[in-house]
$ cat start-v5.tsv   # TSV, C-alpha atoms and all ligand atoms
chain	number	residue	atom	x	y	z
R	1	MET	CA	109.79	259.63	59.79
R	2	GLY	CA	106.57	261.45	60.52
R	3	ARG	CA	106.25	264.79	62.23
R	4	GLY	CA	105.01	265.17	65.75
R	5	ASP	CA	106.14	263.76	69.07
R	6	TYR	CA	108.75	261.07	68.96
R	7	TYR	CA	108.86	258.27	71.51
R	8	ARG	CA	111.72	255.90	72.15
R	9	ILE	CA	110.96	252.49	73.55
R	10	GLY	CA	113.65	250.22	74.95
R	11	ARG	CA	113.52	246.56	74.10
R	12	LYS	CA	114.52	243.70	76.35
R	13	ASP	CA	113.82	241.09	73.77
R	14	ARG	CA	116.56	240.99	71.19
R	15	THR	CA	114.78	238.86	68.64
R	16	SER	CA	114.14	241.65	66.21
R	17	ASP	CA	111.26	240.06	64.34
R	18	TYR	CA	108.65	240.66	66.98
R	19	LEU	CA	107.92	244.29	67.67
R	20	SER	CA	104.89	245.26	69.65
R	21	ILE	CA	103.12	248.34	70.91
R	22	SER	CA	100.77	248.51	73.88
R	23	ILE	CA	98.13	250.89	75.15
R	24	ALA	CA	100.16	251.08	78.37
R	25	ASP	CA	103.27	252.14	76.40
R	26	MET	CA	101.20	254.78	74.66
R	27	ASN	CA	99.65	256.03	77.87
R	28	ARG	CA	103.11	256.48	79.31
R	29	TYR	CA	103.68	259.05	76.57
R	30	LYS	CA	100.16	260.47	76.86
R	31	VAL	CA	99.53	259.63	73.23
R	32	PHE	CA	95.76	259.61	73.60
R	33	GLN	CA	95.69	263.19	74.78
R	34	ARG	CA	96.57	264.44	71.33
R	35	ARG	CA	95.07	263.52	68.00
R	36	GLY	CA	97.20	263.66	64.88
R	37	ARG	CA	100.53	262.24	63.87
R	38	HIS	CA	102.97	260.64	66.30
R	39	SER	CA	106.26	258.84	65.77
R	40	TRP	CA	107.45	255.78	67.56
R	41	GLY	CA	110.91	254.22	67.72
R	42	TRP	CA	112.16	250.94	69.17
R	43	GLU	CA	115.52	251.12	70.76
R	44	LYS	CA	118.16	248.42	70.83
R	45	ASN	CA	121.56	248.94	72.45
R	46	GLY	CA	120.85	252.64	72.72
R	47	GLU	CA	120.00	253.09	69.05
R	48	ILE	CA	116.70	253.27	67.22
R	49	ASP	CA	116.53	250.16	65.08
R	50	ASN	CA	112.87	250.22	64.10
R	51	SER	CA	110.35	252.97	63.82
R	52	LEU	CA	106.93	253.82	62.56
R	53	SER	CA	104.48	256.65	62.68
R	54	PHE	CA	100.81	256.58	63.40
R	55	TYR	CA	97.92	258.91	62.99
R	56	LEU	CA	95.42	259.09	65.80
R	57	ASP	CA	91.77	259.98	65.38
R	58	ASP	CA	88.84	257.62	65.99
R	59	HIS	CA	91.16	254.96	64.62
R	60	ILE	CA	94.86	254.51	64.86
R	61	THR	CA	96.51	254.29	61.47
R	62	PHE	CA	100.01	252.81	61.47
R	63	HIS	CA	102.43	253.71	58.76
R	64	TYR	CA	105.79	252.01	58.19
R	65	SER	CA	108.00	250.40	55.62
R	66	THR	CA	108.94	246.77	55.82
R	67	LYS	CA	109.88	243.81	53.66
R	68	GLY	CA	107.49	241.16	52.38
R	69	GLN	CA	108.10	237.42	52.61
R	70	ASP	CA	110.05	237.57	49.34
R	71	GLY	CA	112.20	240.47	50.56
R	72	SER	CA	110.57	243.15	48.43
R	73	PRO	CA	109.76	246.49	50.11
R	74	VAL	CA	106.22	246.94	51.38
R	75	ASP	CA	104.67	250.22	52.46
R	76	VAL	CA	102.16	249.56	55.22
R	77	ASN	CA	99.29	251.92	55.94
R	78	LYS	CA	96.91	250.08	58.21
R	79	SER	CA	94.05	251.39	60.24
R	80	ILE	CA	93.13	249.72	63.53
R	81	PRO	CA	89.84	250.65	65.22
R	82	LEU	CA	89.88	251.79	68.83
R	83	THR	CA	87.26	251.16	71.45
R	84	TRP	CA	86.89	252.67	74.92
R	85	THR	CA	85.75	251.11	78.16
R	86	PRO	CA	85.17	252.69	81.57
R	87	CYS	CA	87.96	252.23	84.14
R	88	ASN	CA	87.37	251.14	87.73
R	89	PHE	CA	88.58	254.46	89.04
R	90	GLY	CA	86.81	256.70	86.57
R	91	GLY	CA	87.59	257.81	83.05
R	92	ASN	CA	87.84	255.58	80.02
R	93	ARG	CA	90.61	253.47	78.63
R	94	PRO	CA	91.25	252.69	74.98
R	95	TRP	CA	91.75	249.26	73.40
R	96	PHE	CA	92.85	248.18	69.99
R	97	VAL	CA	90.36	246.12	68.03
R	98	CYS	CA	92.23	243.42	66.11
R	99	ASP	CA	91.05	242.15	62.72
R	100	CYS	CA	89.78	239.04	64.52
R	101	GLY	CA	87.41	241.23	66.56
R	102	MET	CA	89.29	240.84	69.85
R	103	ARG	CA	89.69	243.86	72.08
R	104	VAL	CA	93.36	243.89	73.01
R	105	GLY	CA	95.91	246.00	74.86
R	106	ARG	CA	98.86	245.04	72.69
R	107	LEU	CA	99.50	244.65	69.00
R	108	PHE	CA	102.36	242.81	67.33
R	109	PHE	CA	104.06	243.82	64.15
R	110	HIS	CA	105.48	241.21	61.88
R	111	ARG	CA	106.26	242.34	58.37
R	112	GLN	CA	103.03	243.85	57.01
R	113	HIS	CA	100.87	242.18	59.65
R	114	ILE	CA	99.56	243.99	62.71
R	115	VAL	CA	97.80	241.50	64.96
R	116	CYS	CA	96.89	240.62	68.53
R	117	ARG	CA	98.76	237.90	70.44
R	118	ASN	CA	96.16	235.29	69.54
R	119	CYS	CA	96.36	235.96	65.82
R	120	PHE	CA	100.12	236.20	66.08
R	121	ASN	CA	100.36	232.79	67.69
R	122	LEU	CA	97.91	231.30	65.21
R	123	VAL	CA	99.85	232.59	62.26
R	124	TYR	CA	103.32	231.80	63.56
R	125	PRO	CA	103.06	228.89	66.00
R	126	SER	CA	105.63	226.66	64.34
R	127	GLN	CA	108.14	229.48	63.90
R	128	LEU	CA	107.77	230.31	67.58
R	129	GLN	CA	108.16	226.69	68.62
R	130	ASP	CA	111.22	226.32	66.39
R	131	GLU	CA	112.73	229.44	67.88
R	132	LEU	CA	111.98	228.20	71.38
R	133	GLY	CA	113.69	224.90	70.59
R	134	ARG	CA	116.69	226.74	69.19
R	135	LEU	CA	117.03	228.83	72.36
R	136	ARG	CA	116.68	225.76	74.57
R	137	SER	CA	119.46	223.90	72.81
R	138	LYS	CA	121.61	227.03	72.91
R	139	ILE	CA	121.21	227.09	76.70
R	140	GLU	CA	122.02	223.38	76.91
R	141	LYS	CA	125.22	223.89	74.94
R	142	ILE	CA	126.29	226.78	77.17
R	143	GLU	CA	125.50	224.77	80.29
R	144	ALA	CA	127.50	221.82	79.02
R	145	LYS	CA	130.51	224.12	78.86
R	146	LEU	CA	129.79	225.78	82.20
R	147	GLY	CA	129.54	222.61	84.26
R	148	ASP	CA	127.72	223.36	87.51
R	149	GLY	CA	127.62	227.08	86.62
R	150	CYS	CA	128.88	228.17	90.04
R	151	SER	CA	132.54	227.35	89.95
R	152	ARG	CA	134.75	227.97	86.96
R	153	PRO	CA	135.57	224.76	85.11
R	154	LYS	CA	139.24	223.79	85.25
R	155	GLY	CA	141.29	225.36	82.49
R	156	MET	CA	138.63	227.91	81.51
R	157	HIS	CA	139.63	231.57	81.48
R	158	TRP	CA	137.72	233.87	83.86
R	159	LYS	CA	136.79	236.05	80.93
R	160	THR	CA	135.31	233.11	79.04
R	161	PHE	CA	133.51	231.96	82.19
R	162	GLU	CA	131.92	235.40	82.75
R	163	LYS	CA	131.03	235.72	79.10
R	164	LEU	CA	129.33	232.33	79.03
R	165	LYS	CA	127.36	233.12	82.18
R	166	ALA	CA	126.18	236.41	80.67
R	167	LYS	CA	125.26	234.64	77.44
R	168	ARG	CA	123.32	232.02	79.37
R	169	PHE	CA	121.37	234.70	81.25
R	170	GLU	CA	120.61	236.59	78.06
R	171	THR	CA	119.40	233.45	76.33
R	172	PHE	CA	117.23	232.60	79.36
R	173	VAL	CA	115.55	236.01	79.11
R	174	GLN	CA	114.93	235.55	75.40
R	175	LYS	CA	113.51	232.11	76.00
R	176	ASP	CA	111.25	233.36	78.81
R	177	ASN	CA	109.90	236.22	76.73
R	178	LEU	CA	109.14	233.88	73.90
R	179	PHE	CA	107.64	231.31	76.21
R	180	CYS	CA	105.30	233.96	77.63
R	181	SER	CA	104.00	234.88	74.22
R	182	ILE	CA	103.37	231.22	73.41
R	183	ALA	CA	101.78	230.58	76.81
R	184	ALA	CA	99.49	233.57	76.40
R	185	ARG	CA	97.80	231.70	73.59
R	186	ARG	CA	96.80	228.94	75.99
R	187	PHE	CA	95.90	231.31	78.82
R	188	PRO	CA	94.07	234.06	77.00
R	189	GLY	CA	93.28	236.03	80.16
R	190	MET	CA	96.94	236.39	81.11
R	191	GLU	CA	98.51	239.82	80.96
R	192	PHE	CA	101.88	240.12	79.30
Y	201	ZN	ZN	93.50	239.11	66.57
$ encode --input "start-v5.tsv" --output "structure tokens"
Amino acid sequence: MGRGDYYRIGRKDRTSDYLSISIADMNRYKVFQRRGRHSWGWEKNGEIDNSLSFYLDDHITFHYSTKGQDGSPVDVNKSIPLTWTPCNFGGNRPWFVCDCGMRVGRLFFHRQHIVCRNCFNLVYPSQLQDELGRLRSKIEKIEAKLGDGCSRPKGMHWKTFEKLKAKRFETFVQKDNLFCSIAARRFPGMEF
């Protein structure tokens, strides 16, 4: 873990493969007011389950450890250029410049790759589609058990009923988050 300020970011999406960082997240912690080393942690169920550090100067250089496709440890030290544009209400706002040349407000981390949503979707479209299909069929299975979803099916315990409803909701949220990231590829102007 690097020295400097440490930020904790909660995560709604529980699919742990897709971590991201946004300029808006960073602004919330006033990251751009201080050059130098910062630390960043992603929180899941109240605990930090992923972290990295970055060094801010004219670029932002991310540093973290991950695993490669074959499971071997990889030390990532990747510099991403920043660019600034004037805001409507004065001042300037920063953007990341992805390897593809796009100016973006959010970067995704997947293993040793740090990419914008477009690159992310280009590199991993089939995995995303597979995952989406998996979540859809999970919801279908839950709904088959739940019946109409309003009244408890005969013979089902209340506890089971409540649990299934919670599971269905959770899976819906996961599916929606994933769907948004896939949809963003087709609607490049969309914020997400
Ligand atoms: Zn890109």
$ residues_around --input "start-v5.tsv" --residues "R:Phe120" --least-positions-apart "4" --cutoff "9 Å" --atoms "all atoms listed in the file" --output "ChimeraX atom specification"
/R:107-110,113-116,124-125
$ axis_aligned_box --input "start-v5.tsv" --around "stretch 142-159 of chain R" --padding-each-side "3 Å" --output "lines of an AutoDock Vina configuration file"
center_x = 133.4
center_y = 228.9
center_z = 83.6
size_x = 21.8
size_y = 20.2
size_z = 18.9
$ residues_near_ligand --input "start-v5.tsv" --ligand "ligand ZN 201 (chain Y)" --cutoff "7 Å" --atoms "all atoms listed in the file" --output "compact mmCIF listing (two decimals) with C-alpha atoms, keeping the file's coordinate frame"
# COMPACT_ATOMS: atom_id res chain seq x y z
CA CYS R 98 92.23 243.42 66.11
CA ASP R 99 91.05 242.15 62.72
CA CYS R 100 89.78 239.04 64.52
CA GLY R 101 87.41 241.23 66.56
CA MET R 102 89.29 240.84 69.85
CA VAL R 115 97.80 241.50 64.96
CA CYS R 116 96.89 240.62 68.53
CA ARG R 117 98.76 237.90 70.44
CA ASN R 118 96.16 235.29 69.54
CA CYS R 119 96.36 235.96 65.82
$ atom_distance --input "start-v5.tsv" --atom1 "atom CA of R:Phe54" --atom2 "atom CA of R:Trp40"
7.9 Å
$ closest_atom_pairs --input "start-v5.tsv" --of "stretch 51-77 of chain R" --to "stretch 26-38 of chain R" --cutoff "9 Å" --atoms "only C-alpha atoms" --output "Markdown table"
| residue | atom | partner | partner_atom | distance |
| --- | --- | --- | --- | --- |
| R:Leu52 | CA | R:His38 | CA | 8.7 |
| R:Ser53 | CA | R:His38 | CA | 5.6 |
| R:Phe54 | CA | R:His38 | CA | 5.4 |
| R:Tyr55 | CA | R:Arg37 | CA | 4.3 |
| R:Leu56 | CA | R:Arg35 | CA | 5.0 |
| R:Asp57 | CA | R:Arg35 | CA | 5.5 |
| R:Asp58 | CA | R:Arg35 | CA | 8.8 |
$ write_last_selection --input "start-v5.tsv" --atoms "C-alpha atoms" --output "mmCIF file, in the coordinates of the input"
data_model
loop_
_atom_site.group_PDB
_atom_site.id
_atom_site.type_symbol
_atom_site.label_atom_id
_atom_site.label_comp_id
_atom_site.auth_asym_id
_atom_site.auth_seq_id
_atom_site.Cartn_x
_atom_site.Cartn_y
_atom_site.Cartn_z
ATOM 1 C CA LEU R 52 106.930 253.820 62.560
ATOM 2 C CA SER R 53 104.480 256.650 62.680
ATOM 3 C CA PHE R 54 100.810 256.580 63.400
ATOM 4 C CA TYR R 55 97.920 258.910 62.990
ATOM 5 C CA LEU R 56 95.420 259.090 65.800
ATOM 6 C CA ASP R 57 91.770 259.980 65.380
ATOM 7 C CA ASP R 58 88.840 257.620 65.990
#
$ atom_distance --input "start-v5.tsv" --atom1 "atom CA of R:Thr171" --atom2 "atom CA of R:Arg136"
8.3 Å
$ closest_residue --input "start-v5.tsv" --among "R:Ile80, R:Val74, R:Cys180, R:Ile21" --to "R:Gln129" --atoms "all atoms listed in the file"
R:Cys180
$ atom_distance --input "start-v5.tsv" --atom1 "atom CA of R:Ile139" --atom2 "atom CA of R:Lys167"
8.6 Å
$ residues_around --input "start-v5.tsv" --residues "R:Lys138" --least-positions-apart "6" --cutoff "12 Å" --atoms "only C-alpha atoms" --output "list in words"
Glu131, Leu132, Ala144, Lys145, Leu164, Lys167, Arg168, Phe169, Glu170, Thr171, Phe172, Gln174 and Lys175 of chain R
$ closest_residue --input "start-v5.tsv" --among "R:Leu135, R:Asn177, R:Arg152, R:Gln112" --to "R:Gly71" --atoms "all atoms listed in the file"
R:Gln112
$ closest_residue --input "start-v5.tsv" --among "R:Lys163, R:Lys154, R:Arg111, R:Lys141" --to "R:Thr66" --atoms "all atoms listed in the file"
R:Arg111
